file start-v3.cif (mmCIF, C-alpha atoms and all ligand atoms)
data_my_file
#
loop_
_atom_site.label_atom_id
_atom_site.label_comp_id
_atom_site.auth_asym_id
_atom_site.auth_seq_id
_atom_site.Cartn_x
_atom_site.Cartn_y
_atom_site.Cartn_z
CA MET A 1 50.12 103.10 33.64
CA GLN A 2 52.11 101.13 36.19
CA PHE A 3 52.77 97.43 35.56
CA LEU A 4 54.31 94.99 37.98
CA VAL A 5 55.56 91.96 36.09
CA SER A 6 56.99 88.83 37.56
CA ARG A 7 60.60 88.19 36.64
CA TYR A 8 62.51 85.00 37.22
CA ASN A 9 65.67 83.72 35.65
CA PRO A 10 66.49 80.31 37.13
CA GLU A 11 70.17 80.85 36.32
CA SER A 12 70.54 83.99 38.41
CA ASP A 13 67.47 84.46 40.68
CA GLU A 14 66.65 82.55 43.82
CA ALA A 15 62.96 83.37 43.59
CA PRO A 16 60.58 85.31 41.33
CA HIS A 17 60.29 89.04 42.03
CA LEU A 18 58.11 91.84 40.68
CA GLN A 19 59.58 94.44 38.33
CA SER A 20 57.83 97.81 38.15
CA LEU A 21 57.49 99.51 34.75
CA GLU A 22 55.61 102.51 33.44
CA ILE A 23 53.95 101.83 30.09
CA GLU A 24 52.21 104.41 27.93
CA THR A 25 48.77 103.04 27.10
CA TRP A 26 46.59 103.79 24.11
CA ARG A 27 42.93 103.33 23.23
CA GLY A 28 42.16 99.69 22.47
CA MET A 29 45.45 98.46 23.95
CA MET A 30 45.40 94.84 25.03
CA LEU A 31 47.54 93.36 27.77
CA ARG A 32 49.55 91.47 25.13
CA ASP A 33 50.48 94.85 23.57
CA ALA A 34 51.68 96.03 26.98
CA LEU A 35 53.78 92.88 27.41
CA LEU A 36 55.28 93.43 23.94
CA GLU A 37 56.10 97.01 24.94
CA ILE A 38 57.82 95.71 28.07
CA LYS A 39 59.80 93.34 25.85
CA ARG A 40 60.81 96.27 23.65
CA GLN A 41 62.16 98.01 26.76
CA ASP A 42 63.89 94.89 28.08
CA GLU A 43 64.68 92.14 25.59
CA SER A 44 65.34 89.60 28.32
CA PHE A 45 61.64 89.59 29.35
CA ALA A 46 60.01 86.26 28.40
CA PHE A 47 56.35 85.43 27.78
CA ARG A 48 54.44 83.22 25.33
CA HIS A 49 51.97 84.42 22.73
CA SER A 50 51.01 83.61 19.19
CA CYS A 51 47.64 84.23 17.53
CA GLY A 52 46.62 87.47 19.24
CA GLU A 53 42.98 86.48 18.73
CA GLY A 54 42.08 84.34 21.75
CA VAL A 55 42.47 81.13 19.75
CA CYS A 56 45.86 79.54 20.42
CA GLY A 57 45.68 79.72 24.22
CA SER A 58 49.42 80.28 24.59
CA ASP A 59 49.37 83.66 26.36
CA ALA A 60 47.48 82.67 29.49
CA VAL A 61 48.83 84.58 32.51
CA ASN A 62 47.65 85.59 35.96
CA VAL A 63 46.50 89.22 35.92
CA ASN A 64 45.61 90.99 39.15
CA GLY A 65 45.02 87.55 40.66
CA SER A 66 42.92 86.00 37.89
CA ASN A 67 43.97 83.75 35.01
CA ARG A 68 43.28 85.25 31.59
CA LEU A 69 44.48 85.43 28.01
CA ALA A 70 46.62 88.56 27.59
CA CYS A 71 45.55 89.16 23.98
CA ILE A 72 41.84 89.55 24.75
CA THR A 73 42.26 91.45 28.01
CA ALA A 74 41.76 95.19 27.49
CA VAL A 75 44.22 97.24 29.53
CA ALA A 76 41.48 99.85 30.08
CA ASP A 77 39.51 97.27 32.09
CA LEU A 78 42.39 96.59 34.49
CA LYS A 79 43.09 98.29 37.78
CA ALA A 80 46.55 99.85 38.19
CA PRO A 81 49.08 98.74 39.13
CA VAL A 82 48.52 95.80 36.81
CA THR A 83 50.24 92.80 38.35
CA VAL A 84 51.12 90.07 35.86
CA ARG A 85 52.38 86.74 37.11
CA PRO A 86 52.81 83.33 35.51
CA LEU A 87 49.92 80.84 35.79
CA PRO A 88 49.90 79.61 39.39
CA GLY A 89 50.92 76.15 40.55
CA ARG A 90 53.19 75.32 37.59
CA PRO A 91 57.00 75.20 37.54
CA ILE A 92 58.34 78.49 36.15
CA VAL A 93 60.68 78.18 33.19
CA ARG A 94 61.39 81.91 33.03
CA ASP A 95 59.46 85.14 33.80
CA LEU A 96 55.85 84.45 32.68
CA VAL A 97 56.63 81.13 30.97
CA VAL A 98 55.57 78.01 32.86
CA ASP A 99 56.12 74.32 32.23
CA MET A 100 52.78 72.85 31.08
CA SER A 101 54.02 69.24 30.71
CA GLN A 102 51.77 67.88 33.45
CA PHE A 103 48.74 69.67 32.02
CA TYR A 104 49.33 68.05 28.61
CA ALA A 105 50.05 64.68 30.23
CA GLN A 106 46.62 64.81 31.91
CA TYR A 107 45.03 65.78 28.61
CA ARG A 108 46.65 62.80 26.88
CA ALA A 109 45.54 60.52 29.75
CA VAL A 110 41.85 60.90 28.82
CA THR A 111 42.33 59.60 25.25
CA PRO A 112 41.33 62.88 23.58
CA TRP A 113 40.15 61.38 20.28
CA LEU A 114 37.20 59.36 18.98
CA VAL A 115 37.46 55.61 19.51
CA ARG A 116 35.54 53.37 17.08
CA LYS A 117 35.14 49.63 17.35
CA ASP A 118 32.80 49.18 14.36
CA PRO A 119 34.43 49.34 10.97
CA MET A 120 34.68 52.88 9.70
CA PRO A 121 31.90 53.76 7.23
CA GLU A 122 32.71 54.69 3.64
CA GLN A 123 31.82 58.30 4.31
CA GLU A 124 31.04 60.22 7.50
CA ILE A 125 29.68 58.86 10.79
CA ARG A 126 26.28 60.47 10.93
CA GLN A 127 24.95 62.42 13.90
CA SER A 128 21.50 63.90 14.44
CA PRO A 129 21.37 67.66 15.08
CA ALA A 130 20.53 66.88 18.74
CA GLU A 131 23.56 64.58 19.07
CA ARG A 132 25.77 67.26 17.55
CA GLU A 133 24.33 69.89 19.88
CA ARG A 134 25.46 67.91 22.92
CA LEU A 135 29.04 68.82 21.99
CA ASP A 136 28.42 72.57 22.19
CA GLY A 137 30.33 74.06 25.11
CA LEU A 138 32.81 71.17 25.04
CA TYR A 139 34.72 71.18 21.74
CA GLU A 140 35.58 74.90 21.92
CA CYS A 141 38.33 74.42 24.52
CA ILE A 142 41.62 75.95 23.35
CA LEU A 143 43.84 74.19 25.95
CA CYS A 144 44.95 77.48 27.46
CA GLY A 145 45.19 75.97 30.95
CA CYS A 146 43.51 78.92 32.72
CA CYS A 147 41.08 76.51 34.40
CA SER A 148 43.41 73.75 35.60
CA THR A 149 45.95 76.24 36.93
CA ALA A 150 43.17 77.96 38.92
CA CYS A 151 42.05 74.68 40.47
CA PRO A 152 43.35 73.98 44.01
CA SER A 153 42.77 70.25 43.55
CA PHE A 154 45.05 70.33 40.50
CA TRP A 155 47.75 72.32 42.34
CA TRP A 156 47.87 69.73 45.12
CA ASN A 157 47.74 66.63 42.92
CA PRO A 158 48.75 67.54 39.37
CA ASP A 159 50.05 64.02 38.76
CA LYS A 160 46.89 62.28 40.06
CA PHE A 161 43.87 64.57 39.57
CA HIS A 162 43.18 65.11 35.88
CA GLY A 163 42.04 68.71 36.37
CA PRO A 164 39.12 70.57 34.79
CA GLN A 165 40.49 70.79 31.25
CA ALA A 166 41.19 67.08 30.84
CA LEU A 167 37.87 66.19 32.45
CA LEU A 168 35.99 68.56 30.14
CA THR A 169 37.69 66.74 27.28
CA ALA A 170 36.81 63.35 28.79
CA TRP A 171 33.14 64.38 28.82
CA ARG A 172 33.42 65.80 25.28
CA PHE A 173 34.15 62.24 24.06
CA LEU A 174 31.80 60.46 26.46
CA ALA A 175 29.02 62.73 25.20
CA ASP A 176 29.83 62.07 21.54
CA SER A 177 27.37 59.64 19.93
CA ARG A 178 30.13 58.46 17.56
CA ASP A 179 32.49 57.33 20.31
CA GLN A 180 32.42 53.64 21.31
CA ALA A 181 34.74 53.53 24.31
CA THR A 182 32.43 54.64 27.12
CA GLU A 183 33.25 51.67 29.38
CA GLU A 184 36.99 52.04 28.94
CA ARG A 185 36.81 55.80 29.47
CA LEU A 186 34.86 55.39 32.71
CA ASP A 187 37.16 52.61 33.92
CA ALA A 188 40.13 54.90 33.34
CA LEU A 189 38.55 57.58 35.56
CA GLU A 190 37.88 55.25 38.51
CA GLY A 191 39.56 55.84 41.86
CA PRO A 192 39.65 58.65 44.41
CA TYR A 193 41.83 61.07 42.45
CA ARG A 194 41.43 61.31 38.68
CA LEU A 195 37.82 62.52 38.68
CA PHE A 196 36.55 62.55 42.23
CA ARG A 197 39.17 64.99 43.52
CA CYS A 198 37.01 67.78 42.10
CA HIS A 199 35.31 69.52 45.02
CA THR A 200 33.09 71.74 42.84
CA ILE A 201 34.92 74.93 43.86
CA MET A 202 34.18 76.32 40.36
CA ASN A 203 37.32 78.46 39.95
CA CYS A 204 37.62 76.76 36.58
CA VAL A 205 34.29 78.15 35.37
CA GLU A 206 35.09 81.68 36.51
CA VAL A 207 38.35 81.91 34.57
CA CYS A 208 37.59 80.11 31.30
CA PRO A 209 38.05 82.69 28.52
CA LYS A 210 35.76 80.68 26.23
CA GLY A 211 32.89 80.64 28.74
CA LEU A 212 33.02 76.86 29.14
CA ASN A 213 31.85 75.00 32.22
CA PRO A 214 34.20 72.18 33.26
CA THR A 215 32.35 71.80 36.58
CA ARG A 216 29.15 70.86 34.75
CA ALA A 217 31.05 68.42 32.55
CA ILE A 218 32.60 66.83 35.65
CA GLY A 219 29.11 66.52 37.18
CA HIS A 220 27.88 64.68 34.06
CA ILE A 221 30.79 62.23 34.27
CA LYS A 222 30.15 61.62 37.97
CA GLN A 223 26.50 60.82 37.19
CA LEU A 224 27.49 58.45 34.40
CA MET A 225 30.02 56.86 36.71
CA LEU A 226 27.30 56.10 39.28
CA GLY A 227 25.23 54.30 36.64
CA HIS A 228 28.39 52.50 35.53
CA ALA A 229 29.12 51.27 39.06
CA ILE A 230 25.62 49.83 39.63
S1 LIG B 301 35.16 72.73 40.12
FE1 LIG B 301 36.54 71.01 40.35
S2 LIG B 301 37.84 71.15 38.59
FE2 LIG B 301 36.87 73.15 38.80
S3 LIG B 301 38.29 74.38 40.02
FE3 LIG B 301 36.89 73.39 41.40
S4 LIG B 301 37.88 71.51 42.07
FE4 LIG B 301 38.89 72.24 40.23
S1 LIG B 302 38.24 74.79 29.54
FE1 LIG B 302 38.47 76.98 29.17
S2 LIG B 302 40.05 77.63 30.62
FE2 LIG B 302 40.18 75.42 30.48
S3 LIG B 302 41.76 75.04 28.97
FE3 LIG B 302 39.77 75.01 27.91
S4 LIG B 302 39.47 77.09 27.17
FE4 LIG B 302 41.10 77.17 28.70
S1 LIG B 303 47.92 84.90 21.73
FE1 LIG B 303 46.71 83.18 21.14
S2 LIG B 303 45.15 83.17 22.63
FE2 LIG B 303 46.22 84.97 23.08
#
call {"tool": "encode", "arguments": {"input": "start-v3.cif", "output": "structure tokens", "more": "lines below"}}
Ligand code: SF4
Ligand code: SF4
Ligand code: FES
result
Amino acid sequence: MQFLVSRYNPESDEAPHLQSLEIETWRGMMLRDALLEIKRQDESFAFRHSCGEGVCGSDAVNVNGSNRLACITAVADLKAPVTVRPLPGRPIVRDLVVDMSQFYAQYRAVTPWLVRKDPMPEQEIRQSPAERERLDGLYECILCGCCSTACPSFWWNPDKFHGPQALLTAWRFLADSRDQATEERLDALEGPYRLFRCHTIMNCVEVCPKGLNPTRAIGHIKQLMLGHAI
């Protein structure tokens, strides 16, 4: 099967270019296996991966125009030639490896942990089953970045718009009955960029390998924000 992989070495290349390789495929082969095979053929080829199980989120790449995790993408489901590029809109470190600093900075900007003002109880902070259920579809995010790097608003303003991943996380804590920083969280999302730059294009929903819906989460925050402003 023919693969076209993006190659870029900042020390010697002016711009990224596609390298064509023929890889022998086998039943059950995943794209990560194909990338490992390419690495066997050419040691200088660089890409990130770790768990191989769709859990660590490190092997997100752009495959035939769509962001996906290489380890859970079956080669048999892809159309040849399979074009593999780095996640779009991020600075390229080398080949398929991009710099995700801005993505993590936006994640940190939404205070991605529980904030309590009351003294901590002796044991756990209790939640009803319904309160716990509100977190379904939010806590499962693996920080792969497929969504934010598919979001045009994030490409244009990565330093100002928080992007779908960070906003999903913001809602994950706003929706949590144990969190006591709602006002501060909403204040921190005020302004034309951080939250409201989302134009509901929904690329983020299409590409999320965990089936999460950042657009819906963003809608919930916008609603809460309206109540907050009144
Ligand atoms: S719905 Fe919003 S966050 Fe998602 S891709 Fe579109 S603009 Fe970006
Ligand atoms: S919301 Fe989905 S696509 Fe975005 S970082 Fe989390 S798991 Fe990845
Ligand atoms: S290698 Fe961890 S998600 Fe693919």
call {"tool": "residues_around", "arguments": {"input": "start-v3.cif", "residues": "A:Asp136", "least_positions_apart": "3", "cutoff": "12 Å", "atoms": "only C-alpha atoms", "output": "PyMOL selection string"}}
result
chain A and resi 129-133+139-141+168+171-173+175-176+210-213+217
call {"tool": "closest_residue", "arguments": {"input": "start-v3.cif", "among": "A:Ala166, A:Ala46, A:Met30, A:Val207", "to": "A:Gln102", "atoms": "all atoms listed in the file"}}
result
A:Ala166
call {"tool": "residues_near_ligand", "arguments": {"input": "start-v3.cif", "ligand": "ligand LIG 302 (chain B)", "cutoff": "10 Å", "atoms": "only C-alpha atoms and all ligand atoms", "output": "PyMOL selection string"}}
result
chain A and resi 54-58+60+67-69+103+107+137-150+163-169+203-215
call {"tool": "closest_residue", "arguments": {"input": "start-v3.cif", "among": "A:Val63, A:Arg185, A:Trp156, A:Glu53", "to": "A:Val115", "atoms": "all atoms listed in the file"}}
result
A:Arg185
call {"tool": "axis_aligned_box", "arguments": {"input": "start-v3.cif", "around": "stretch 57-74 of chain A", "padding_each_side": "5 Å", "output": "lines of an AutoDock Vina configuration file"}}
result
center_x = 45.6
center_y = 87.5
center_z = 32.3
size_x = 17.7
size_y = 25.5
size_z = 26.7
call {"tool": "residues_around", "arguments": {"input": "start-v3.cif", "residues": "stretch 5-18 of chain A", "least_positions_apart": "6", "cutoff": "12 Å", "atoms": "all atoms listed in the file", "output": "JSON, numbers by chain"}}
result
{"A": [31, 34, 35, 38, 39, 42, 44, 45, 46, 47, 61, 62, 63, 64, 81, 82, 83, 84, 85, 86, 87, 88, 91, 92, 93, 94, 95, 96, 97, 98]}
call {"tool": "closest_residue", "arguments": {"input": "start-v3.cif", "among": "A:Thr111, A:Ser101, A:Ser153, A:Gln180", "to": "ligand LIG 301 (chain B)", "atoms": "all atoms listed in the file"}}
result
A:Ser153
call {"tool": "closest_residue", "arguments": {"input": "start-v3.cif", "among": "A:Ala170, A:Leu226, A:Leu195, A:Cys151", "to": "ligand LIG 301 (chain B)", "atoms": "all atoms listed in the file"}}
result
A:Cys151
call {"tool": "closest_residue", "arguments": {"input": "start-v3.cif", "among": "A:His162, A:Arg90, A:Arg178, A:Arg108", "to": "A:Gln127", "atoms": "only C-alpha atoms"}}
result
A:Arg178
call {"tool": "residues_around", "arguments": {"input": "start-v3.cif", "residues": "A:Leu21", "least_positions_apart": "6", "cutoff": "7 Å", "atoms": "all atoms listed in the file", "output": "PyMOL selection string"}}
result
chain A and resi 2-4
call {"tool": "closest_residue", "arguments": {"input": "start-v3.cif", "among": "A:Leu189, A:Asp179, A:Met202, A:Arg216", "to": "A:Ile125", "atoms": "all atoms listed in the file"}}
result
A:Asp179
call {"tool": "atom_distance", "arguments": {"input": "start-v3.cif", "atom1": "atom FE3 of ligand LIG 301 (chain B)", "atom2": "atom CA of A:Asp159"}}
result
16.4 Å
call {"tool": "residues_around", "arguments": {"input": "start-v3.cif", "residues": "A:Trp155", "least_positions_apart": "3", "cutoff": "6 Å", "atoms": "all atoms listed in the file", "output": "list in words"}}
result
Gly89, Pro152 and Pro158 of chain A
call {"tool": "atom_distance", "arguments": {"input": "start-v3.cif", "atom1": "atom CA of A:Pro192", "atom2": "atom CA of A:Phe161"}}
result
8.7 Å
call {"tool": "residues_near_point", "arguments": {"input": "start-v3.cif", "point": "(37.8, 53.7, 36.2)", "cutoff": "12 Å", "atoms": "only C-alpha atoms", "output": "NGL selection string"}}
result
:A and (110 or 182-196 or 221-222 or 224-226 or 228-229)
call {"tool": "decode", "arguments": {"input": "start-v3.cif", "residues": "stretch 114-144 of chain A", "atoms": "N, CA and C atoms", "output": "compact mmCIF listing (two decimals), in the first residue's frame"}}
result
# COMPACT_ATOMS: atom_id res chain seq x y z
N LEU A 114 -10.49 20.58 40.59
CA LEU A 114 -11.59 20.99 41.47
C LEU A 114 -11.13 22.09 42.41
N VAL A 115 -11.96 23.12 42.57
CA VAL A 115 -11.64 24.18 43.53
C VAL A 115 -12.68 24.11 44.65
N ARG A 116 -12.21 24.00 45.89
CA ARG A 116 -13.10 23.96 47.05
C ARG A 116 -12.82 25.15 47.94
N LYS A 117 -13.90 25.76 48.43
CA LYS A 117 -13.74 26.85 49.39
C LYS A 117 -14.06 26.36 50.80
N ASP A 118 -15.06 25.46 50.90
CA ASP A 118 -15.39 24.86 52.19
C ASP A 118 -14.23 23.98 52.63
N PRO A 119 -14.11 23.78 53.93
CA PRO A 119 -13.06 22.86 54.38
C PRO A 119 -13.29 21.46 53.80
N MET A 120 -12.24 20.79 53.50
CA MET A 120 -12.37 19.45 52.93
C MET A 120 -12.98 18.51 53.97
N PRO A 121 -13.93 17.66 53.58
CA PRO A 121 -14.50 16.70 54.54
C PRO A 121 -13.48 15.64 54.92
N GLU A 122 -13.78 14.94 56.00
CA GLU A 122 -12.89 13.86 56.46
C GLU A 122 -12.68 12.82 55.37
N GLN A 123 -13.83 12.46 54.73
CA GLN A 123 -13.72 11.43 53.70
C GLN A 123 -14.03 12.05 52.34
N GLU A 124 -14.83 11.39 51.52
CA GLU A 124 -15.08 11.90 50.17
C GLU A 124 -16.13 13.02 50.14
N ILE A 125 -16.11 13.80 49.04
CA ILE A 125 -17.18 14.78 48.82
C ILE A 125 -18.28 14.02 48.06
N ARG A 126 -19.44 13.93 48.67
CA ARG A 126 -20.45 13.05 48.09
C ARG A 126 -21.13 13.69 46.88
N GLN A 127 -21.51 12.83 45.94
CA GLN A 127 -22.29 13.26 44.78
C GLN A 127 -23.44 12.28 44.61
N SER A 128 -24.59 12.78 44.16
CA SER A 128 -25.70 11.87 43.86
C SER A 128 -25.38 11.21 42.51
N PRO A 129 -26.02 10.07 42.22
CA PRO A 129 -25.78 9.45 40.90
C PRO A 129 -26.07 10.42 39.76
N ALA A 130 -27.10 11.27 39.91
CA ALA A 130 -27.43 12.22 38.83
C ALA A 130 -26.32 13.25 38.67
N GLU A 131 -25.77 13.72 39.79
CA GLU A 131 -24.66 14.69 39.71
C GLU A 131 -23.44 14.06 39.05
N ARG A 132 -23.18 12.83 39.38
CA ARG A 132 -22.05 12.12 38.78
C ARG A 132 -22.26 11.92 37.27
N GLU A 133 -23.51 11.63 36.91
CA GLU A 133 -23.81 11.38 35.50
C GLU A 133 -23.57 12.61 34.62
N ARG A 134 -23.69 13.77 35.20
CA ARG A 134 -23.47 15.01 34.42
C ARG A 134 -22.04 15.07 33.86
N LEU A 135 -21.13 14.33 34.47
CA LEU A 135 -19.73 14.38 34.04
C LEU A 135 -19.44 13.40 32.90
N ASP A 136 -20.40 12.53 32.60
CA ASP A 136 -20.19 11.59 31.49
C ASP A 136 -20.06 12.38 30.19
N GLY A 137 -19.11 11.97 29.36
CA GLY A 137 -18.89 12.68 28.10
C GLY A 137 -17.98 13.89 28.27
N LEU A 138 -17.49 14.10 29.49
CA LEU A 138 -16.60 15.25 29.75
C LEU A 138 -15.24 14.79 30.28
N TYR A 139 -15.29 13.86 31.27
CA TYR A 139 -14.03 13.48 31.92
C TYR A 139 -13.18 12.54 31.06
N GLU A 140 -13.76 11.99 29.99
CA GLU A 140 -13.04 10.97 29.22
C GLU A 140 -11.98 11.55 28.28
N CYS A 141 -11.90 12.86 28.19
CA CYS A 141 -10.94 13.49 27.26
C CYS A 141 -9.51 13.05 27.56
N ILE A 142 -8.78 12.67 26.50
CA ILE A 142 -7.40 12.19 26.68
C ILE A 142 -6.37 13.23 26.23
N LEU A 143 -6.81 14.47 26.00
CA LEU A 143 -5.89 15.56 25.64
C LEU A 143 -5.08 15.27 24.38
N CYS A 144 -5.72 14.60 23.42
CA CYS A 144 -4.98 14.27 22.20
C CYS A 144 -4.78 15.48 21.30
